[in-house]
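**Q** Just so it is clear, I am handing over coords-v3.txt, which has compact mmCIF, C-alpha atoms.
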```
# COMPACT_ATOMS: atom_id res chain seq x y z
CA MET A 58 115.19 118.06 111.83
CA ASN A 59 114.45 114.37 111.40
CA THR A 60 112.22 114.01 108.33
CA THR A 61 110.97 110.62 109.53
CA GLN A 62 109.45 112.27 112.57
CA ASN A 63 107.69 114.83 110.39
CA GLN A 64 105.52 112.16 108.82
CA ALA A 65 101.93 112.42 109.97
CA ARG A 66 101.37 108.70 109.69
CA PRO A 67 104.51 106.54 109.94
CA ALA A 68 104.24 103.16 108.25
CA PHE A 69 104.89 99.93 110.13
CA PRO A 70 108.31 98.57 109.01
CA PHE A 71 107.93 95.82 106.41
CA THR A 72 110.78 93.80 107.94
CA ALA A 73 109.08 93.93 111.37
CA ILE A 74 106.01 92.06 110.14
CA VAL A 75 105.83 88.60 111.69
CA GLY A 76 104.58 85.72 109.54
CA GLN A 77 102.36 86.03 106.42
CA GLU A 78 105.31 85.02 104.22
CA GLU A 79 103.12 84.25 101.20
CA MET A 80 101.65 87.75 101.11
CA LYS A 81 105.06 89.40 101.60
CA LEU A 82 106.61 87.31 98.82
CA ALA A 83 103.81 88.18 96.37
CA LEU A 84 104.25 91.91 97.07
CA LEU A 85 108.03 91.76 96.73
CA LEU A 86 107.91 89.92 93.41
CA ASN A 87 105.41 92.44 92.01
CA VAL A 88 107.58 95.43 92.88
CA ILE A 89 110.60 93.67 91.36
CA ASP A 90 108.62 93.02 88.16
CA PRO A 91 105.33 94.97 87.89
CA ARG A 92 104.55 93.06 84.66
CA ILE A 93 103.50 90.13 86.87
CA GLY A 94 100.19 91.93 87.04
CA GLY A 95 99.48 92.74 90.67
CA VAL A 96 98.25 90.64 93.57
CA MET A 97 94.90 89.86 95.12
CA ILE A 98 95.13 89.21 98.86
CA MET A 99 92.16 87.45 100.46
CA GLY A 100 92.04 86.68 104.15
CA ASP A 101 90.40 86.98 107.52
CA ARG A 102 89.88 90.34 109.21
CA GLY A 103 92.74 91.63 111.32
CA THR A 104 95.47 89.58 109.65
CA GLY A 105 97.65 92.56 108.67
CA LYS A 106 96.70 92.83 105.00
CA SER A 107 96.50 96.63 104.88
CA THR A 108 99.50 97.07 107.20
CA THR A 109 101.73 94.88 105.02
CA ILE A 110 100.61 96.50 101.75
CA ARG A 111 101.26 100.02 103.04
CA ALA A 112 104.60 98.92 104.50
CA ILE A 113 106.02 97.70 101.17
CA ALA A 114 106.11 101.23 99.74
CA ASP A 115 108.59 102.32 102.42
CA VAL A 116 111.26 99.83 101.32
CA LEU A 117 111.14 100.83 97.66
CA PRO A 118 113.86 103.08 96.22
CA GLU A 119 112.88 106.66 95.38
CA ILE A 120 112.04 107.38 91.73
CA GLU A 121 113.15 110.30 89.57
CA VAL A 122 110.23 112.27 88.10
CA VAL A 123 109.94 115.27 85.79
CA SER A 124 109.18 118.39 87.82
CA ASP A 125 105.80 120.13 87.40
CA ASP A 126 104.34 117.06 85.70
CA LEU A 127 101.00 115.62 86.80
CA PHE A 128 101.84 112.01 85.98
CA ASN A 129 105.20 111.25 87.68
CA SER A 130 106.74 111.03 84.20
CA HIS A 131 110.08 109.33 83.63
CA ARG A 132 112.70 111.56 82.02
CA SER A 133 113.72 109.08 79.31
CA ASP A 134 111.36 106.07 79.18
CA TYR A 135 108.62 106.87 76.63
CA ASP A 136 106.27 104.26 78.14
CA LEU A 137 106.35 106.11 81.46
CA MET A 138 106.00 109.72 80.34
CA SER A 139 103.09 111.96 79.44
CA ASP A 140 102.52 113.38 75.95
CA ILE A 141 103.47 116.85 77.26
CA VAL A 142 106.88 115.61 78.38
CA LYS A 143 107.35 113.80 75.06
CA LYS A 144 106.75 117.06 73.19
CA GLN A 145 109.23 118.85 75.42
CA LEU A 146 111.81 116.17 74.66
CA ASP A 147 111.11 116.40 70.93
CA ASN A 148 111.65 120.18 71.17
CA ASN A 149 114.94 119.61 73.00
CA THR A 150 113.62 121.32 76.12
CA LEU A 151 115.82 120.83 79.18
CA LEU A 152 113.78 118.87 81.73
CA SER A 153 114.23 119.46 85.44
CA THR A 154 113.68 116.45 87.68
CA HIS A 155 113.52 115.56 91.35
CA PHE A 156 113.20 112.38 93.42
CA ILE A 157 110.06 111.29 95.24
CA LYS A 158 108.98 108.28 97.27
CA VAL A 159 107.13 105.63 95.28
CA PRO A 160 103.48 106.76 95.21
CA MET A 161 101.12 104.73 97.39
CA VAL A 162 97.55 105.53 96.35
CA ASP A 163 94.41 104.26 98.09
CA LEU A 164 91.20 103.85 96.11
CA PRO A 165 88.20 104.52 98.39
CA LEU A 166 85.34 102.05 98.15
CA GLY A 167 82.86 104.76 97.12
CA ALA A 168 85.07 106.29 94.42
CA THR A 169 83.47 107.35 91.13
CA GLU A 170 84.80 106.78 87.62
CA ASP A 171 85.77 110.47 87.39
CA ARG A 172 87.72 110.22 90.66
CA LEU A 173 89.55 107.19 89.33
CA CYS A 174 90.21 108.25 85.74
CA GLY A 175 90.20 112.05 85.93
CA THR A 176 87.97 114.60 84.22
CA ILE A 177 88.16 116.89 81.18
CA ASP A 178 86.84 120.44 81.52
CA ILE A 179 84.52 120.45 78.48
CA GLU A 180 83.48 124.10 78.91
CA LYS A 181 87.08 125.31 78.88
CA ALA A 182 87.92 123.06 75.93
CA LEU A 183 85.03 124.41 73.86
CA SER A 184 85.31 128.11 74.82
CA GLU A 185 89.11 128.47 74.93
CA GLY A 186 90.28 125.52 72.82
CA ILE A 187 92.44 124.27 75.69
CA LYS A 188 92.54 120.68 76.91
CA SER A 189 92.11 121.12 80.66
CA PHE A 190 92.50 117.85 82.56
CA GLU A 191 91.99 117.19 86.25
CA PRO A 192 94.04 114.05 87.03
CA GLY A 193 92.46 111.12 88.83
CA LEU A 194 93.91 108.44 91.05
CA LEU A 195 95.30 106.51 88.05
CA ALA A 196 97.52 109.49 87.21
CA LYS A 197 98.75 109.81 90.79
CA ALA A 198 99.53 106.07 90.91
CA ASN A 199 101.73 106.04 87.78
CA ARG A 200 105.03 104.29 88.64
CA GLY A 201 103.67 103.43 92.07
CA ILE A 202 101.24 101.17 93.92
CA LEU A 203 97.45 101.41 93.71
CA TYR A 204 95.75 99.75 96.67
CA VAL A 205 92.07 98.78 96.72
CA ASP A 206 90.81 97.52 100.07
CA GLU A 207 87.64 95.39 99.91
CA VAL A 208 88.09 95.10 96.14
CA ASN A 209 85.45 92.36 96.10
CA LEU A 210 82.88 95.03 97.11
CA LEU A 211 83.98 97.49 94.40
CA ASP A 212 81.73 98.06 91.40
CA ASP A 213 82.66 95.63 88.61
CA HIS A 214 82.87 98.49 86.11
CA LEU A 215 85.60 100.21 88.17
CA VAL A 216 87.46 96.92 88.62
CA ASP A 217 87.41 96.51 84.82
CA ILE A 218 88.92 100.00 84.39
CA LEU A 219 91.60 99.26 86.98
CA LEU A 220 92.59 95.97 85.39
CA ASP A 221 92.61 97.41 81.86
CA SER A 222 94.90 100.27 82.94
CA ALA A 223 97.16 97.95 84.91
CA ALA A 224 97.50 95.64 81.89
CA SER A 225 98.03 98.33 79.23
CA GLY A 226 99.93 100.89 81.31
CA TRP A 227 97.74 103.71 79.93
CA ASN A 228 94.55 105.49 80.88
CA THR A 229 92.38 107.18 78.25
CA VAL A 230 89.67 109.69 79.16
CA GLU A 231 87.16 110.66 76.47
CA ARG A 232 84.41 113.27 76.80
CA GLU A 233 82.37 114.81 73.98
CA GLY A 234 84.88 113.88 71.30
CA ILE A 235 87.87 115.16 73.32
CA SER A 236 90.45 112.57 74.31
CA ILE A 237 93.37 112.66 76.75
CA ARG A 238 95.76 109.78 77.35
CA HIS A 239 98.38 109.43 80.07
CA PRO A 240 100.67 106.69 81.46
CA ALA A 241 99.23 104.59 84.28
CA ARG A 242 101.83 101.94 85.03
CA PHE A 243 101.35 100.72 88.59
CA VAL A 244 101.30 97.63 90.78
CA LEU A 245 97.65 96.85 91.49
CA VAL A 246 97.06 95.38 94.95
CA GLY A 247 93.60 94.33 96.06
CA SER A 248 92.53 92.89 99.37
CA GLY A 249 89.30 91.51 100.73
CA ASN A 250 87.55 89.15 103.10
CA PRO A 251 86.14 86.04 101.36
CA GLU A 252 83.15 86.09 103.75
CA GLU A 253 82.01 89.32 102.05
CA GLY A 254 81.94 87.82 98.57
CA GLU A 255 84.34 86.74 95.84
CA LEU A 256 85.41 88.56 92.70
CA ARG A 257 83.97 87.32 89.44
CA PRO A 258 86.30 84.64 87.95
CA GLN A 259 86.89 86.79 84.83
CA LEU A 260 88.22 89.62 87.00
CA LEU A 261 90.10 87.41 89.44
CA ASP A 262 91.97 85.74 86.56
CA ARG A 263 93.46 89.10 85.57
CA PHE A 264 95.30 89.55 88.84
CA GLY A 265 98.79 88.12 88.39
CA MET A 266 98.92 86.52 91.83
CA HIS A 267 96.51 85.46 94.55
CA ALA A 268 97.64 85.18 98.17
CA GLU A 269 95.46 83.58 100.83
CA ILE A 270 95.95 84.77 104.40
CA ARG A 271 94.86 82.82 107.45
CA THR A 272 94.70 83.86 111.09
CA VAL A 273 97.83 82.66 112.90
CA LYS A 274 97.06 79.73 115.23
CA ASP A 275 100.45 79.30 116.93
CA PRO A 276 100.12 80.99 120.38
CA LYS A 277 103.81 82.00 120.51
CA LEU A 278 103.62 83.61 117.07
CA ARG A 279 100.43 85.43 118.05
CA VAL A 280 102.18 86.83 121.14
CA ALA A 281 105.14 87.97 119.00
CA ILE A 282 102.78 89.77 116.59
CA VAL A 283 100.88 91.48 119.41
CA GLU A 284 104.10 92.61 121.12
CA GLN A 285 105.53 93.96 117.88
CA ARG A 286 102.38 95.94 117.16
CA THR A 287 102.17 97.22 120.76
CA GLN A 288 105.77 98.49 120.63
CA PHE A 289 105.05 100.31 117.38
CA ASP A 290 101.86 101.92 118.70
CA LEU A 291 103.63 103.12 121.86
CA ASP A 292 106.69 104.54 120.09
CA PRO A 293 106.59 104.21 116.28
CA TYR A 294 109.85 106.10 115.66
CA SER A 295 111.89 103.87 117.98
CA CYS A 296 110.43 100.83 116.21
CA ILE A 297 111.28 102.32 112.81
CA GLN A 298 114.81 103.05 113.99
CA LYS A 299 115.18 99.52 115.36
CA PHE A 300 114.45 98.02 111.93
CA ALA A 301 116.18 100.70 109.83
CA ALA A 302 119.20 98.50 109.01
CA GLN A 303 117.00 95.58 107.93
CA GLN A 304 114.87 97.94 105.84
CA ASP A 305 117.99 99.23 104.05
CA ILE A 306 119.20 95.68 103.38
CA LEU A 307 115.84 94.75 101.85
CA LYS A 308 115.74 97.97 99.79
CA ASN A 309 119.18 97.20 98.32
CA LYS A 310 118.11 93.62 97.65
CA ILE A 311 115.09 94.88 95.68
CA ILE A 312 117.26 97.31 93.67
CA ASP A 313 119.76 94.53 92.87
CA ALA A 314 116.94 92.19 91.80
CA GLN A 315 115.40 94.84 89.53
CA GLN A 316 118.76 95.38 87.85
CA LYS A 317 119.47 91.66 87.55
CA LEU A 318 116.01 90.71 86.24
CA PRO A 319 116.59 91.40 82.48
CA ASN A 320 119.50 88.94 82.51
CA VAL A 321 117.72 86.07 84.27
CA ILE A 322 117.02 83.08 82.03
CA ILE A 323 114.71 80.10 82.30
CA ASP A 324 115.53 76.88 80.48
CA ASP A 325 113.12 75.69 77.77
CA SER A 326 112.60 72.39 79.61
CA LEU A 327 111.30 74.31 82.66
CA LYS A 328 109.02 76.43 80.46
CA VAL A 329 107.55 73.18 79.12
CA LYS A 330 107.00 71.90 82.67
CA ILE A 331 105.21 75.13 83.64
CA SER A 332 102.89 74.78 80.65
CA GLU A 333 102.38 71.08 81.43
CA ILE A 334 101.26 72.00 84.95
CA CYS A 335 98.85 74.62 83.61
CA ALA A 336 97.42 72.16 81.07
CA THR A 337 97.05 69.39 83.66
CA LEU A 338 95.18 71.78 85.97
CA ASP A 339 92.95 72.78 83.02
CA VAL A 340 93.80 76.46 83.40
CA ASP A 341 91.98 78.57 80.82
CA GLY A 342 94.09 80.78 78.55
CA LEU A 343 97.81 81.44 78.79
CA ARG A 344 97.93 84.05 81.56
CA GLY A 345 98.94 81.39 84.06
CA ASP A 346 101.92 80.32 81.94
CA ILE A 347 103.07 83.92 81.36
CA VAL A 348 102.75 85.05 84.98
CA THR A 349 104.49 81.95 86.33
CA ASN A 350 107.46 82.48 83.99
CA ARG A 351 107.75 86.14 85.05
CA ALA A 352 107.36 85.40 88.76
CA ALA A 353 109.96 82.61 88.64
CA LYS A 354 112.47 84.98 87.04
CA ALA A 355 111.72 87.69 89.61
CA PHE A 356 112.17 85.20 92.46
CA ALA A 357 115.49 83.98 91.01
CA ALA A 358 116.68 87.61 90.71
CA TYR A 359 115.59 88.25 94.31
CA GLN A 360 117.81 85.35 95.37
CA ASP A 361 120.72 86.83 93.41
CA LYS A 362 120.62 84.12 90.71
CA LEU A 363 120.76 84.39 86.94
CA GLU A 364 118.95 81.15 86.12
CA VAL A 365 115.63 79.74 87.31
CA ASP A 366 115.53 76.25 88.82
CA ILE A 367 112.62 73.95 89.69
CA TYR A 368 112.63 75.07 93.34
CA ASP A 369 112.04 78.68 92.25
CA ILE A 370 109.03 77.51 90.26
CA LYS A 371 107.69 75.43 93.14
CA LYS A 372 107.96 78.43 95.49
CA ILE A 373 105.86 80.79 93.38
CA ILE A 374 103.55 78.73 91.17
CA THR A 375 100.72 78.28 93.68
CA LEU A 376 100.50 82.07 94.00
CA CYS A 377 100.19 82.31 90.22
CA LEU A 378 97.65 79.55 89.58
CA ARG A 379 95.36 78.88 92.57
CA HIS A 380 92.81 81.51 91.48
CA ARG A 381 92.70 80.29 87.88
CA LEU A 382 91.31 76.82 88.58
CA ARG A 383 87.73 76.06 87.62
CA LYS A 384 85.41 75.84 90.62
CA ASP A 385 83.94 72.39 91.17
CA PRO A 386 81.19 72.39 93.83
CA LEU A 387 81.75 68.67 94.44
CA ASP A 388 85.51 69.08 94.93
CA ASN A 389 86.48 69.52 98.58
CA ILE A 390 90.23 69.86 97.90
CA ASP A 391 91.66 73.35 98.44
CA SER A 392 92.78 74.89 95.12
CA GLY A 393 96.23 75.68 96.51
CA LEU A 394 96.70 72.08 97.62
CA LYS A 395 95.57 70.81 94.22
CA VAL A 396 98.22 73.00 92.52
CA LYS A 397 100.93 71.71 94.87
CA GLN A 398 100.03 68.08 94.18
CA ILE A 399 100.31 68.53 90.41
CA VAL A 400 103.49 70.62 90.75
CA ASP A 401 105.23 67.88 92.75
CA LYS A 402 104.11 65.27 90.23
CA VAL A 403 105.30 67.18 87.16
CA LEU A 404 108.42 68.95 88.44
CA PHE A 405 109.94 66.10 90.39
CA SER A 406 108.88 63.10 88.30
CA ASP A 407 112.35 62.80 86.79
CA LEU A 408 114.27 63.12 90.07
```
Step by step, read the file and then write its structure as structure tokens.
**A**
Amino acid sequence: MNTTQNQARPAFPFTAIVGQEEMKLALLLNVIDPRIGGVMIMGDRGTGKSTTIRAIADVLPEIEVVSDDLFNSHRSDYDLMSDIVKKQLDNNTLLSTHFIKVPMVDLPLGATEDRLCGTIDIEKALSEGIKSFEPGLLAKANRGILYVDEVNLLDDHLVDILLDSAASGWNTVEREGISIRHPARFVLVGSGNPEEGELRPQLLDRFGMHAEIRTVKDPKLRVAIVEQRTQFDLDPYSCIQKFAAQQDILKNKIIDAQQKLPNVIIDDSLKVKISEICATLDVDGLRGDIVTNRAAKAFAAYQDKLEVDIYDIKKIITLCLRHRLRKDPLDNIDSGLKVKQIVDKVLFSDL
């Protein structure tokens, strides 16, 4: 029996999505190198934000996880395995594994801290001396994607927890002197509508990338999008089959880029130019420099290259810096445009 047809909710094929290239690029670079730090996608309603985010998980290669483990633990990478699995390894226990699809976890808007982080059964711990832990969404998202729709409406405290876990790769739950820690390495993806409010600058800065999505104005492109969506709604499995070859090509391209990434280099002169751009734009801190370097390497790897050039930097740097600029109420220039102007001035001044 066809396993694709057994899915209760088939995902729209990523390669069938028309337009929104900036959002698609940001998602691809983050799955190639999760250390980029996730992506915040802000845009108008009905522009395909949720569809595109859910579609990316389907083109990712399956991951090998330790069986009967609550945290999708890796069998050999200590940074991606739970303490229980580490003890089993130390005791030379033979670990059984199986392959699963990359987890795609949605965080509901009304979620509590316990739902997100997990809970410790204090009564059982005190009466039986056993650490009993009920995993939260952070545990389920380990080695996967954690998606927060309307992140700008989420409680700031929960956003802080999300960003801390995404940055450190670990989640720690403490109750009544009892502490449990587990890996929580995931790509954090947030989306929202700017009309409903912005994230605080301190929180926004901690997202690696920021993509801005606009409603498509070109009538022909709008027709193409509507027709593509209509075909999928009428017969999703035929649409999935139609794009299966393109999906496989993209999946292999992602795998190749992930394998190539550790060997990609960026010349010192280009690193200096990246930092010069950040300094000229008066970007606070060094996150902008770090993320731009990582994203440029990921983009070079995606293009099957081993060295970053200035065009790689130009392609990704607006995504990395536009949300880090200081807001000036008297400045009517779009932040993305301001980044592009400085980039052209610095990168191509010697050409």
**Q** Quick one: residues within 12 Å of stretch 355-369 of chain A, all atoms listed in the file counted, chain neighbours fewer than 3 positions away excluded, as a ChimeraX atom specification?
**A** /A:82-93,307-331,348-352,372-375,400-401,403-408
**Q** Against stretch 242-248 of chain A, which residues of stretch 93-169 of chain A fall within 9 Å? For each one I want the closest pair of atoms and the distance in Å (one decimal), counting only C-alpha atoms, rows by chain and increasing residue number, as CSV.
**A**
```
residue,atom,partner,partner_atom,distance
A:Ile93,CA,A:Val244,CA,8.7
A:Gly94,CA,A:Val244,CA,6.9
A:Gly95,CA,A:Leu245,CA,4.6
A:Val96,CA,A:Val246,CA,5.1
A:Met97,CA,A:Gly247,CA,4.7
A:Ile98,CA,A:Ser248,CA,4.5
A:Met99,CA,A:Ser248,CA,5.6
A:Gly100,CA,A:Ser248,CA,7.9
A:Lys106,CA,A:Ser248,CA,7.0
A:Ser107,CA,A:Ser248,CA,7.8
A:Ile110,CA,A:Val246,CA,7.8
A:Asp136,CA,A:Arg242,CA,8.5
A:Leu137,CA,A:Arg242,CA,7.1
```
**Q** With only C-alpha atoms as the basis for distance, which of A:Met266, A:Ala114, A:Leu195, A:Leu260 is at the shortest distance from A:Pro240?
**A**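 Checking each of A:Met266, A:Ala114, A:Leu195, A:Leu260 against A:Pro240, counting only C-alpha atoms, the winner is A:Leu195.
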**Q** Could you tell me how far atom CA of A:Phe156 lies from atom CA of A:Glu121, in Å and to one decimal?
**A**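 Atom-to-atom, atom CA of A:Phe156 and atom CA of A:Glu121 are spaced 4.4 Å apart.
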**Q** Ranking A:Arg232, A:Arg111, A:Lys158, A:Lys395 by minimum distance to A:Phe71 and counting only C-alpha atoms, which one comes first?
**A** A:Arg111
**Q** If we count all atoms listed in the file and set the cut-off at 10 Å, which residues sit around A:Ile157, ignoring sequence neighbours fewer than 3 positions away in its own chain? Please answer as a CSV table (one decimal) with C-alpha atoms, in the coordinates of the input.
**A**
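The new file result.csv reads:
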```csv
chain,number,residue,atom,x,y,z
A,118,PRO,CA,113.9,103.1,96.2
A,119,GLU,CA,112.9,106.7,95.4
A,120,ILE,CA,112.0,107.4,91.7
A,121,GLU,CA,113.2,110.3,89.6
A,122,VAL,CA,110.2,112.3,88.1
A,129,ASN,CA,105.2,111.2,87.7
A,154,THR,CA,113.7,116.4,87.7
A,160,PRO,CA,103.5,106.8,95.2
```
**Q** Report, in Å to a single decimal, how far apart atom CA of A:Ala112 and atom CA of A:Asp275 are.
**A** 23.6 Å
**Q** Neighbourhood query: residues within 10 Å of (91.8, 91.8, 106.5), file coordinates, counting only C-alpha atoms; return as a VMD selection string.
**A** chain A and resid 98 to 108 206 to 207 248 to 251 270 to 272
**Q** Atom CA of A:Gln398 and atom CA of A:Glu79 are how many Å apart?
**A** 17.9 Å
**Q** Residues near A:Glu191, anyone? I mean within 8 Å using all atoms listed in the file, not counting same-chain ones fewer than 2 positions away, as a ChimeraX atom specification.
**A** /A:175-178,189,193
**Q** Within 9 Å of stretch 283-300 of chain A, counting all atoms listed in the file, which residues qualify if same-chain residues fewer than 5 places away don't, as a short mmCIF file (atom, residue, chain, number, x, y, z; two decimals) with C-alpha atoms, in the frame of the given file?
**A**
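What ended up in result-v2.cif:
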```cif
data_model
loop_
_atom_site.label_atom_id
_atom_site.label_comp_id
_atom_site.auth_asym_id
_atom_site.auth_seq_id
_atom_site.Cartn_x
_atom_site.Cartn_y
_atom_site.Cartn_z
CA THR A 61 110.97 110.62 109.53
CA GLN A 62 109.45 112.27 112.57
CA PRO A 67 104.51 106.54 109.94
CA ALA A 68 104.24 103.16 108.25
CA PHE A 69 104.89 99.93 110.13
CA PRO A 70 108.31 98.57 109.01
CA PHE A 71 107.93 95.82 106.41
CA THR A 72 110.78 93.80 107.94
CA ALA A 73 109.08 93.93 111.37
CA ILE A 74 106.01 92.06 110.14
CA VAL A 75 105.83 88.60 111.69
CA LEU A 278 103.62 83.61 117.07
CA ASP A 305 117.99 99.23 104.05
#
```
**Q** My list of candidates is A:Leu152, A:Ile347, A:Leu173, A:Ile306. Which is closest to A:Val216 when distances are computed with only C-alpha atoms?
**A**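 Counting only C-alpha atoms, the residue closest to A:Val216 is A:Leu173.
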**Q** Closest to A:Asp212 among A:Lys81, A:Arg257, A:Arg279, A:Arg263, using all atoms listed in the file?
**A**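 For A:Asp212, the nearest of the given residues is A:Arg257.
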**Q** Excluding A:Glu170 and its own-chain neighbours fewer than 2 positions away, which residues fall within 12 Å of it when counting only C-alpha atoms? Please give them as a list in words.
**A**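 Answer for this query is Leu164, Pro165, Leu166, Gly167, Ala168, Arg172, Leu173, Cys174, Gly175, Thr176, Pro192, Gly193, Leu194, Leu195, Leu211, Asp212, Asp213, His214, Leu215, Val216, Asp217, Ile218, Leu219, Asn228 and Val230 of chain A.
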**Q** For A:Lys354, which residue out of A:Ile370, A:Asp171, A:Lys274, A:Ile334 is the nearest one, using only C-alpha atoms?
**A**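 The answer is A:Ile370, which sits nearest to A:Lys354.
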**Q** Extract stretch 324-336 of chain A from the preceding block and save N, CA, C and O atoms as an mmCIF file, in the first residue's frame.
**A**
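File written: out-v5.cif
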```cif
data_model
loop_
_atom_site.group_PDB
_atom_site.id
_atom_site.type_symbol
_atom_site.label_atom_id
_atom_site.label_comp_id
_atom_site.auth_asym_id
_atom_site.auth_seq_id
_atom_site.Cartn_x
_atom_site.Cartn_y
_atom_site.Cartn_z
ATOM 1 N N ASP A 324 37.313 33.654 2.703
ATOM 2 C CA ASP A 324 38.577 34.390 2.777
ATOM 3 C C ASP A 324 38.513 35.491 3.845
ATOM 4 O O ASP A 324 37.463 36.088 4.086
ATOM 5 N N ASP A 325 39.663 35.744 4.483
ATOM 6 C CA ASP A 325 39.716 36.757 5.544
ATOM 7 C C ASP A 325 39.278 38.139 5.047
ATOM 8 O O ASP A 325 38.660 38.905 5.787
ATOM 9 N N SER A 326 39.604 38.455 3.790
ATOM 10 C CA SER A 326 39.226 39.765 3.252
ATOM 11 C C SER A 326 37.707 39.921 3.188
ATOM 12 O O SER A 326 37.166 41.017 3.401
ATOM 13 N N LEU A 327 36.989 38.806 2.924
ATOM 14 C CA LEU A 327 35.526 38.858 2.882
ATOM 15 C C LEU A 327 34.943 38.943 4.298
ATOM 16 O O LEU A 327 33.924 39.595 4.514
ATOM 17 N N LYS A 328 35.607 38.279 5.240
ATOM 18 C CA LYS A 328 35.169 38.398 6.642
ATOM 19 C C LYS A 328 35.269 39.849 7.108
ATOM 20 O O LYS A 328 34.385 40.353 7.820
ATOM 21 N N VAL A 329 36.346 40.525 6.695
ATOM 22 C CA VAL A 329 36.534 41.932 7.056
ATOM 23 C C VAL A 329 35.427 42.785 6.439
ATOM 24 O O VAL A 329 34.873 43.685 7.086
ATOM 25 N N LYS A 330 35.069 42.485 5.191
ATOM 26 C CA LYS A 330 34.012 43.252 4.522
ATOM 27 C C LYS A 330 32.660 43.057 5.213
ATOM 28 O O LYS A 330 31.869 43.990 5.344
ATOM 29 N N ILE A 331 32.386 41.825 5.649
ATOM 30 C CA ILE A 331 31.135 41.563 6.373
ATOM 31 C C ILE A 331 31.086 42.394 7.648
ATOM 32 O O ILE A 331 30.080 43.039 7.953
ATOM 33 N N SER A 332 32.200 42.410 8.379
ATOM 34 C CA SER A 332 32.245 43.177 9.629
ATOM 35 C C SER A 332 32.193 44.681 9.361
ATOM 36 O O SER A 332 31.619 45.439 10.148
ATOM 37 N N GLU A 333 32.763 45.105 8.230
ATOM 38 C CA GLU A 333 32.701 46.525 7.856
ATOM 39 C C GLU A 333 31.255 46.940 7.576
ATOM 40 O O GLU A 333 30.814 48.025 7.979
ATOM 41 N N ILE A 334 30.517 46.063 6.912
ATOM 42 C CA ILE A 334 29.100 46.343 6.635
ATOM 43 C C ILE A 334 28.316 46.448 7.935
ATOM 44 O O ILE A 334 27.526 47.377 8.128
ATOM 45 N N CYS A 335 28.548 45.505 8.847
ATOM 46 C CA CYS A 335 27.847 45.522 10.134
ATOM 47 C C CYS A 335 28.171 46.788 10.925
ATOM 48 O O CYS A 335 27.285 47.402 11.538
ATOM 49 N N ALA A 336 29.433 47.193 10.906
ATOM 50 C CA ALA A 336 29.850 48.397 11.637
ATOM 51 C C ALA A 336 29.250 49.651 11.012
ATOM 52 O O ALA A 336 28.793 50.557 11.721
#
```
